[in-house]
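First up is the structure itself, then whatever we jot down about it.
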Amino acid sequence: MAILAFTPEKIEQYEFPVYRVVIDPGHGGVSLQNKEKHGDKFDLVTGKYLDEFAEGASLRGIYERDIVFSIGTKVMRLMDMCAPEGDFEAFRKILSRYTDRTVRRIYIDTMISREDSVPFDQASKMKDPNAPYRLYDYPDAEGEIQKGRISKINEFRPHLVVSLHLAKSAPSDYKGLNGIIIPPYNVLKNGLINLQKGGKGKINDYGILKSWFKHSVKVPYRLAYFRDCAQYFTGYSLKKNYSTDYSDYNGYKYNMVNWIYMDPHDWHIAARDHKPDTQYSDDYMTYREEGPFRDREKSVYEAYRRGDSFKNFGGDNYFATYEIIKYILHSLDHRGVNGKDKIPGKPFVSTWSVPLLVNAISAYIELGYLDRKWDRDVLLQRQDEIAEGVAVGIYSLLAGMGDIKGDFRHKPSGSKIDFDKYKMQDDRTYFDIVVD
Ligand SMILES: [Zn+2]
């Protein structure tokens, strides 16, 4: 009996037998003129696509969608070594460049969230060229709702989703590689309460507002923050004077994906009237929190993922994002590729779709900016090094690496995510409880 209790099988029961990871290279489709047919974010209330399809950044014939897909497939090749039937000894050799410790064999199932990008010259001849790339669910030719990428990610019930992006340019205070981070629920709720009192209340934000994402440098940070808060709750944005902007409707994102947190069937019929004192009110003054998504948002598991206040901001999403960024910088540095301003830079904070609408830990990275020469060269010529940093980072987040070798300036912590705290009842975890 005593021997049995210490067999590896017995010990392994306390850990995930197989981790599930999604590599999510951004974009892939095309932004065509006809939004009615080719857009994304299909809204059942209006029966329309609310956004044009985001085809991603480009500069002088260099396309974000191609670079992030190429890096994503290289990461997949490395992750396959960690699959149950994979060549883990080969992966061990890579890990030995980062740590002297004996690394643990873990099993990782990895999926990529999209196929190769649709060629621009063929897209205009296709009926629905964006079908495989849409983030949100969408109607097919028969009006049947099909699963978008976020729904397919959730179907896989991943523990970790790694989204890879880059941009054309960034504000000058954004250096190096930047994380894309969603705020804690309480930060959004705080904004709603502040708005309901006129929007003049003091915000003790510990610096988060200076990282809030703005569509233009002219938008004040407070307005960008309040706009996201209003939209997150009501679906409507704000005018400059903080009154509701009824011309800027953004829909109910949590009802645009197929998961257990959407409102009951036919919710869109009730939503059409935007009645005051309901969850579909279009005015933040009369908005009321209701429904399974709001309960999820207030849960302790979301606080683990995102933090629970201005002060305790970021949670495991932030940790995962910046660990991977540090591993990428470290991997490049191993090959002598570095620069003094190539640092883990400050995040872009907003209510981003993928991190908001998955239960997985979300690492979401802007790998660089096409209008910066160093970034451009690295993104085009050092994809193997970037991919290695991502893959080693993923392993480190799941298994832990311990002390990282060398005296690199932005050394990763090498700590694993504490997945135990996401355990719920009957051996199921928060990551399992996302689709039926
Ligand atoms: Zn992008």
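Residue names in the structure tokens use chain letters A, B, ... in the order shown, residue numbers from 1 in each chain, and ligand numbers from 1 in the order shown.
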With a distance cut-off of 12 Å and only C-alpha atoms, select the neighbouring residues of Val434 of chain A, excluding the residue or stretch itself and same-chain residues fewer than 3 positions from it, and output the selection as a list in words.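 Within the cut-off, the hits are Ile150, Ser151, Lys152, Ile153, Asn154, Glu155, Phe156, Arg157, Pro158, His159, Val257, Asn258, Trp259, Ile260, Tyr261, Met262, Pro292, Phe293, Arg296, Leu357, Val358, Asn359, Ala360, Arg428, Thr429, Tyr430 and Phe431 of chain A.
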Output file for the residues above (C-alpha atoms, as a PDB file, in the first residue's frame):
```pdb
ATOM      1  CA  ILE A 150     -13.300  32.696 -30.032  1.00  0.00           C
ATOM      2  CA  SER A 151     -15.990  29.983 -29.867  1.00  0.00           C
ATOM      3  CA  LYS A 152     -13.576  27.447 -31.382  1.00  0.00           C
ATOM      4  CA  ILE A 153     -10.898  28.420 -28.860  1.00  0.00           C
ATOM      5  CA  ASN A 154     -13.346  27.907 -25.999  1.00  0.00           C
ATOM      6  CA  GLU A 155     -14.434  24.538 -27.420  1.00  0.00           C
ATOM      7  CA  PHE A 156     -10.835  23.372 -26.909  1.00  0.00           C
ATOM      8  CA  ARG A 157     -11.067  24.429 -23.211  1.00  0.00           C
ATOM      9  CA  PRO A 158      -7.493  25.719 -23.140  1.00  0.00           C
ATOM     10  CA  HIS A 159      -5.478  26.547 -20.031  1.00  0.00           C
ATOM     11  CA  VAL A 257     -19.734  33.786 -28.932  1.00  0.00           C
ATOM     12  CA  ASN A 258     -21.026  30.339 -28.121  1.00  0.00           C
ATOM     13  CA  TRP A 259     -20.288  29.571 -24.460  1.00  0.00           C
ATOM     14  CA  ILE A 260     -22.149  28.911 -21.225  1.00  0.00           C
ATOM     15  CA  TYR A 261     -22.045  32.578 -20.187  1.00  0.00           C
ATOM     16  CA  MET A 262     -24.360  33.901 -22.874  1.00  0.00           C
ATOM     17  CA  PRO A 292     -24.518  34.661 -16.342  1.00  0.00           C
ATOM     18  CA  PHE A 293     -21.740  36.736 -17.934  1.00  0.00           C
ATOM     19  CA  ARG A 296     -18.706  35.203 -14.197  1.00  0.00           C
ATOM     20  CA  LEU A 357     -14.197  36.126 -23.774  1.00  0.00           C
ATOM     21  CA  VAL A 358     -12.077  33.093 -22.874  1.00  0.00           C
ATOM     22  CA  ASN A 359     -11.626  31.405 -19.487  1.00  0.00           C
ATOM     23  CA  ALA A 360      -8.006  30.524 -20.301  1.00  0.00           C
ATOM     24  CA  ARG A 428     -13.086  20.198 -12.893  1.00  0.00           C
ATOM     25  CA  THR A 429     -11.300  23.480 -13.385  1.00  0.00           C
ATOM     26  CA  TYR A 430     -12.442  26.941 -14.457  1.00  0.00           C
ATOM     27  CA  PHE A 431     -10.889  26.152 -17.854  1.00  0.00           C
TER      28      PHE A 431
END
```
Closest pair table for chain A residues within 8 Å of ligand 1, only C-alpha atoms and all ligand atoms, as a Markdown table:
```
| residue | atom | partner | partner_atom_place_in_ligand_line | distance |
| --- | --- | --- | --- | --- |
| A:Gly26 | CA | ligand 1 | 1 (Zn) | 5.3 |
| A:His27 | CA | ligand 1 | 1 (Zn) | 6.4 |
| A:Ala54 | CA | ligand 1 | 1 (Zn) | 7.9 |
| A:Glu55 | CA | ligand 1 | 1 (Zn) | 7.9 |
| A:Gly56 | CA | ligand 1 | 1 (Zn) | 4.9 |
| A:Ala57 | CA | ligand 1 | 1 (Zn) | 6.4 |
| A:Glu64 | CA | ligand 1 | 1 (Zn) | 6.8 |
| A:Arg65 | CA | ligand 1 | 1 (Zn) | 7.5 |
| A:Leu164 | CA | ligand 1 | 1 (Zn) | 7.5 |
| A:His165 | CA | ligand 1 | 1 (Zn) | 4.4 |
| A:Leu166 | CA | ligand 1 | 1 (Zn) | 5.5 |
| A:Ala167 | CA | ligand 1 | 1 (Zn) | 6.2 |
| A:Glu366 | CA | ligand 1 | 1 (Zn) | 7.7 |
```
Requested write-out: C-alpha atoms of the selected residues, as a PDB file, in the first residue's frame:
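Writing the result to selection-v7.pdb gives the following:
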```pdb
ATOM      1  CA  GLY A  26      -4.024  37.607 -35.336  1.00  0.00           C
ATOM      2  CA  HIS A  27      -6.158  38.425 -38.391  1.00  0.00           C
ATOM      3  CA  ALA A  54      -9.717  43.841 -39.122  1.00  0.00           C
ATOM      4  CA  GLU A  55      -7.090  42.676 -41.597  1.00  0.00           C
ATOM      5  CA  GLY A  56      -4.199  43.871 -39.437  1.00  0.00           C
ATOM      6  CA  ALA A  57      -1.217  46.151 -39.865  1.00  0.00           C
ATOM      7  CA  GLU A  64       1.187  41.586 -39.842  1.00  0.00           C
ATOM      8  CA  ARG A  65      -1.072  38.641 -40.728  1.00  0.00           C
ATOM      9  CA  LEU A 164       0.461  37.141 -31.427  1.00  0.00           C
ATOM     10  CA  HIS A 165       0.153  40.575 -33.020  1.00  0.00           C
ATOM     11  CA  LEU A 166       2.230  43.513 -34.177  1.00  0.00           C
ATOM     12  CA  ALA A 167       1.290  47.024 -35.255  1.00  0.00           C
ATOM     13  CA  GLU A 366       2.427  43.166 -29.567  1.00  0.00           C
TER      14      GLU A 366
END
```
Counting only C-alpha atoms, which residues of segment 181-295 of chain A sit at most 7 Å from some atom of segment 299-313 of chain A, and what is each one's closest atom pair with its distance in Å to one decimal, listed by chain and rising residue number, as JSON lines?
```
{"residue": "A:Ile182", "atom": "CA", "partner": "A:Arg306", "partner_atom": "CA", "distance": 6.8}
{"residue": "A:Pro183", "atom": "CA", "partner": "A:Arg306", "partner_atom": "CA", "distance": 6.2}
{"residue": "A:Pro184", "atom": "CA", "partner": "A:Arg306", "partner_atom": "CA", "distance": 5.0}
{"residue": "A:Tyr185", "atom": "CA", "partner": "A:Asp308", "partner_atom": "CA", "distance": 6.8}
{"residue": "A:Asn186", "atom": "CA", "partner": "A:Ser309", "partner_atom": "CA", "distance": 5.6}
{"residue": "A:Val187", "atom": "CA", "partner": "A:Ser309", "partner_atom": "CA", "distance": 5.8}
{"residue": "A:Asp205", "atom": "CA", "partner": "A:Phe310", "partner_atom": "CA", "distance": 5.4}
{"residue": "A:Tyr206", "atom": "CA", "partner": "A:Lys311", "partner_atom": "CA", "distance": 6.0}
{"residue": "A:Asp295", "atom": "CA", "partner": "A:Ser299", "partner_atom": "CA", "distance": 6.4}
```
Using only C-alpha atoms, which protein or nucleic acid residues come within 7 Å of Phe348 of chain A? Drop anything in the same chain fewer than 5 positions from it, and give the result as a ChimeraX atom specification. /A:179-181,211-213
Nearest to Val390 of chain A, chosen from A:Thr102, A:Ser237, A:Thr73, A:Gln425, with only C-alpha atoms counted in the distances: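 That would be A:Thr73, the residue with the smallest distance to Val390 of chain A.
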Please run DSSP on the backbone and report, as an MDAnalysis selection string, all residues within segment 239-291 of chain A that come out as strand (DSSP E or B). chainID A and resid 244:249
Would you write out those residues with N, CA and C atoms, as an mmCIF file, in the first residue's frame?
```
data_model
loop_
_atom_site.group_PDB
_atom_site.id
_atom_site.type_symbol
_atom_site.label_atom_id
_atom_site.label_comp_id
_atom_site.auth_asym_id
_atom_site.auth_seq_id
_atom_site.Cartn_x
_atom_site.Cartn_y
_atom_site.Cartn_z
ATOM 1 N N THR A 244 -24.239 59.568 -23.252
ATOM 2 C CA THR A 244 -24.259 58.368 -24.092
ATOM 3 C C THR A 244 -24.241 58.746 -25.569
ATOM 4 N N ASP A 245 -23.386 58.073 -26.333
ATOM 5 C CA ASP A 245 -23.336 58.304 -27.779
ATOM 6 C C ASP A 245 -24.178 57.218 -28.457
ATOM 7 N N TYR A 246 -25.440 57.571 -28.739
ATOM 8 C CA TYR A 246 -26.361 56.575 -29.298
ATOM 9 C C TYR A 246 -25.996 56.178 -30.724
ATOM 10 N N SER A 247 -25.112 56.949 -31.353
ATOM 11 C CA SER A 247 -24.704 56.584 -32.716
ATOM 12 C C SER A 247 -23.534 55.587 -32.700
ATOM 13 N N ASP A 248 -22.991 55.322 -31.525
ATOM 14 C CA ASP A 248 -21.844 54.415 -31.429
ATOM 15 C C ASP A 248 -22.217 53.165 -30.631
ATOM 16 N N TYR A 249 -22.914 52.261 -31.318
ATOM 17 C CA TYR A 249 -23.405 51.024 -30.699
ATOM 18 C C TYR A 249 -22.426 49.885 -30.982
#
```
Can you pull out every residue from segment 218-341 of chain A that DSSP, working from the backbone, puts in alpha helix (DSSP H), and format the result as an mmCIF file with N, CA and C atoms, in the first residue's frame?
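The resulting selection_8.cif:
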```cif
data_model
loop_
_atom_site.group_PDB
_atom_site.id
_atom_site.type_symbol
_atom_site.label_atom_id
_atom_site.label_comp_id
_atom_site.auth_asym_id
_atom_site.auth_seq_id
_atom_site.Cartn_x
_atom_site.Cartn_y
_atom_site.Cartn_z
ATOM 1 N N TYR A 221 -7.019 60.433 -21.332
ATOM 2 C CA TYR A 221 -7.046 59.083 -20.768
ATOM 3 C C TYR A 221 -8.341 58.783 -20.023
ATOM 4 N N ARG A 222 -8.841 59.768 -19.271
ATOM 5 C CA ARG A 222 -10.048 59.565 -18.491
ATOM 6 C C ARG A 222 -11.241 59.242 -19.406
ATOM 7 N N LEU A 223 -11.301 59.938 -20.540
ATOM 8 C CA LEU A 223 -12.391 59.680 -21.490
ATOM 9 C C LEU A 223 -12.263 58.285 -22.101
ATOM 10 N N ALA A 224 -11.036 57.901 -22.469
ATOM 11 C CA ALA A 224 -10.824 56.558 -23.042
ATOM 12 C C ALA A 224 -11.278 55.492 -22.043
ATOM 13 N N TYR A 225 -10.929 55.686 -20.791
ATOM 14 C CA TYR A 225 -11.309 54.757 -19.717
ATOM 15 C C TYR A 225 -12.825 54.705 -19.549
ATOM 16 N N PHE A 226 -13.457 55.877 -19.429
ATOM 17 C CA PHE A 226 -14.910 55.908 -19.232
ATOM 18 C C PHE A 226 -15.653 55.316 -20.432
ATOM 19 N N ARG A 227 -15.138 55.576 -21.645
ATOM 20 C CA ARG A 227 -15.777 55.008 -22.839
ATOM 21 C C ARG A 227 -15.780 53.483 -22.779
ATOM 22 N N ASP A 228 -14.638 52.915 -22.391
ATOM 23 C CA ASP A 228 -14.578 51.455 -22.290
ATOM 24 C C ASP A 228 -15.530 50.937 -21.217
ATOM 25 N N CYS A 229 -15.612 51.664 -20.104
ATOM 26 C CA CYS A 229 -16.503 51.229 -19.012
ATOM 27 C C CYS A 229 -17.956 51.257 -19.486
ATOM 28 N N ALA A 230 -18.367 52.352 -20.130
ATOM 29 C CA ALA A 230 -19.749 52.469 -20.600
ATOM 30 C C ALA A 230 -20.063 51.376 -21.614
ATOM 31 N N GLN A 231 -19.133 51.178 -22.550
ATOM 32 C CA GLN A 231 -19.345 50.156 -23.582
ATOM 33 C C GLN A 231 -19.401 48.751 -23.014
ATOM 34 N N TYR A 232 -18.545 48.491 -22.059
ATOM 35 C CA TYR A 232 -18.479 47.163 -21.435
ATOM 36 C C TYR A 232 -19.823 46.818 -20.790
ATOM 37 N N PHE A 233 -20.447 47.813 -20.160
ATOM 38 C CA PHE A 233 -21.721 47.528 -19.501
ATOM 39 C C PHE A 233 -22.916 47.669 -20.448
ATOM 40 N N THR A 234 -23.006 48.773 -21.176
ATOM 41 C CA THR A 234 -24.233 49.036 -21.943
ATOM 42 C C THR A 234 -24.127 48.714 -23.435
ATOM 43 N N TRP A 267 -32.576 36.247 -26.233
ATOM 44 C CA TRP A 267 -32.191 37.450 -25.484
ATOM 45 C C TRP A 267 -32.256 38.702 -26.368
ATOM 46 N N HIS A 268 -31.930 38.515 -27.671
ATOM 47 C CA HIS A 268 -31.830 39.674 -28.569
ATOM 48 C C HIS A 268 -33.180 40.339 -28.806
ATOM 49 N N ILE A 269 -34.245 39.585 -28.580
ATOM 50 C CA ILE A 269 -35.580 40.190 -28.764
ATOM 51 C C ILE A 269 -35.855 41.157 -27.601
ATOM 52 N N ALA A 270 -35.522 40.713 -26.389
ATOM 53 C CA ALA A 270 -35.660 41.596 -25.224
ATOM 54 C C ALA A 270 -34.713 42.794 -25.328
ATOM 55 N N ALA A 271 -33.529 42.556 -25.898
ATOM 56 C CA ALA A 271 -32.503 43.610 -25.935
ATOM 57 C C ALA A 271 -32.891 44.753 -26.869
ATOM 58 N N PRO A 292 -25.656 35.542 -16.652
ATOM 59 C CA PRO A 292 -24.518 34.661 -16.342
ATOM 60 C C PRO A 292 -23.152 35.282 -16.611
ATOM 61 N N PHE A 293 -23.041 36.130 -17.643
ATOM 62 C CA PHE A 293 -21.740 36.736 -17.934
ATOM 63 C C PHE A 293 -21.305 37.649 -16.794
ATOM 64 N N ARG A 294 -22.258 38.432 -16.259
ATOM 65 C CA ARG A 294 -21.896 39.353 -15.160
ATOM 66 C C ARG A 294 -21.502 38.581 -13.901
ATOM 67 N N ASP A 295 -22.174 37.451 -13.656
ATOM 68 C CA ASP A 295 -21.783 36.623 -12.498
ATOM 69 C C ASP A 295 -20.353 36.109 -12.674
ATOM 70 N N ARG A 296 -20.061 35.672 -13.901
ATOM 71 C CA ARG A 296 -18.706 35.203 -14.197
ATOM 72 C C ARG A 296 -17.697 36.325 -13.974
ATOM 73 N N GLU A 297 -18.023 37.510 -14.464
ATOM 74 C CA GLU A 297 -17.101 38.633 -14.354
ATOM 75 C C GLU A 297 -16.727 38.932 -12.902
ATOM 76 N N VAL A 300 -14.225 34.923 -8.434
ATOM 77 C CA VAL A 300 -12.853 34.929 -7.937
ATOM 78 C C VAL A 300 -11.888 34.481 -9.029
ATOM 79 N N TYR A 301 -12.363 33.628 -9.945
ATOM 80 C CA TYR A 301 -11.470 33.120 -11.008
ATOM 81 C C TYR A 301 -11.085 34.235 -11.979
ATOM 82 N N GLU A 302 -12.035 35.126 -12.244
ATOM 83 C CA GLU A 302 -11.697 36.281 -13.088
ATOM 84 C C GLU A 302 -10.733 37.210 -12.358
ATOM 85 N N ALA A 303 -10.897 37.309 -11.047
ATOM 86 C CA ALA A 303 -9.939 38.116 -10.267
ATOM 87 C C ALA A 303 -8.545 37.487 -10.325
ATOM 88 N N TYR A 304 -8.467 36.154 -10.361
ATOM 89 C CA TYR A 304 -7.150 35.508 -10.519
ATOM 90 C C TYR A 304 -6.578 35.827 -11.896
ATOM 91 N N ARG A 305 -7.430 35.795 -12.901
ATOM 92 C CA ARG A 305 -6.944 36.045 -14.269
ATOM 93 C C ARG A 305 -6.532 37.491 -14.464
ATOM 94 N N ARG A 306 -7.298 38.426 -13.900
ATOM 95 C CA ARG A 306 -7.147 39.846 -14.264
ATOM 96 C C ARG A 306 -6.744 40.768 -13.133
ATOM 97 N N GLY A 315 -3.225 40.342 -12.805
ATOM 98 C CA GLY A 315 -3.419 38.923 -12.530
ATOM 99 C C GLY A 315 -2.510 38.021 -13.354
ATOM 100 N N ASP A 316 -2.970 36.776 -13.546
ATOM 101 C CA ASP A 316 -2.166 35.794 -14.283
ATOM 102 C C ASP A 316 -2.019 36.166 -15.762
ATOM 103 N N ASN A 317 -3.001 36.873 -16.321
ATOM 104 C CA ASN A 317 -2.862 37.298 -17.725
ATOM 105 C C ASN A 317 -1.617 38.169 -17.895
ATOM 106 N N TYR A 318 -1.469 39.105 -16.988
ATOM 107 C CA TYR A 318 -0.324 40.031 -17.044
ATOM 108 C C TYR A 318 0.977 39.250 -16.853
ATOM 109 N N PHE A 319 0.982 38.400 -15.848
ATOM 110 C CA PHE A 319 2.184 37.610 -15.560
ATOM 111 C C PHE A 319 2.587 36.776 -16.779
ATOM 112 N N ALA A 320 1.604 36.075 -17.365
ATOM 113 C CA ALA A 320 1.889 35.194 -18.506
ATOM 114 C C ALA A 320 2.398 36.003 -19.697
ATOM 115 N N THR A 321 1.742 37.124 -19.969
ATOM 116 C CA THR A 321 2.119 37.962 -21.103
ATOM 117 C C THR A 321 3.571 38.434 -20.973
ATOM 118 N N TYR A 322 3.912 38.939 -19.798
ATOM 119 C CA TYR A 322 5.254 39.513 -19.626
ATOM 120 C C TYR A 322 6.340 38.458 -19.412
ATOM 121 N N GLU A 323 5.995 37.294 -18.891
ATOM 122 C CA GLU A 323 6.987 36.209 -18.865
ATOM 123 C C GLU A 323 7.372 35.850 -20.295
ATOM 124 N N ILE A 324 6.372 35.679 -21.169
ATOM 125 C CA ILE A 324 6.678 35.292 -22.561
ATOM 126 C C ILE A 324 7.474 36.399 -23.254
ATOM 127 N N ILE A 325 7.101 37.648 -23.031
ATOM 128 C CA ILE A 325 7.867 38.762 -23.615
ATOM 129 C C ILE A 325 9.335 38.683 -23.174
ATOM 130 N N LYS A 326 9.561 38.407 -21.890
ATOM 131 C CA LYS A 326 10.948 38.330 -21.397
ATOM 132 C C LYS A 326 11.690 37.146 -22.009
ATOM 133 N N TYR A 327 11.003 36.030 -22.196
ATOM 134 C CA TYR A 327 11.654 34.886 -22.853
ATOM 135 C C TYR A 327 11.993 35.199 -24.308
ATOM 136 N N ILE A 328 11.131 35.942 -24.989
ATOM 137 C CA ILE A 328 11.441 36.324 -26.381
ATOM 138 C C ILE A 328 12.696 37.195 -26.406
ATOM 139 N N LEU A 329 12.727 38.210 -25.528
ATOM 140 C CA LEU A 329 13.892 39.110 -25.482
ATOM 141 C C LEU A 329 15.159 38.322 -25.112
ATOM 142 N N HIS A 330 14.993 37.358 -24.202
ATOM 143 C CA HIS A 330 16.113 36.538 -23.767
ATOM 144 C C HIS A 330 16.616 35.656 -24.913
ATOM 145 N N SER A 331 15.678 35.067 -25.649
ATOM 146 C CA SER A 331 16.034 34.215 -26.784
ATOM 147 C C SER A 331 16.793 35.024 -27.841
ATOM 148 N N LEU A 332 16.339 36.230 -28.101
ATOM 149 C CA LEU A 332 17.027 37.103 -29.070
ATOM 150 C C LEU A 332 18.419 37.474 -28.547
ATOM 151 N N ASP A 333 18.492 37.789 -27.263
ATOM 152 C CA ASP A 333 19.757 38.191 -26.643
ATOM 153 C C ASP A 333 20.800 37.071 -26.725
ATOM 154 N N HIS A 334 20.345 35.807 -26.569
ATOM 155 C CA HIS A 334 21.248 34.650 -26.732
ATOM 156 C C HIS A 334 21.966 34.690 -28.069
#
```
Do you have the atom CA of Ile106 of chain A-atom CA of Ile417 of chain A distance handy?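 These two atoms are separated by 14.1 Å.
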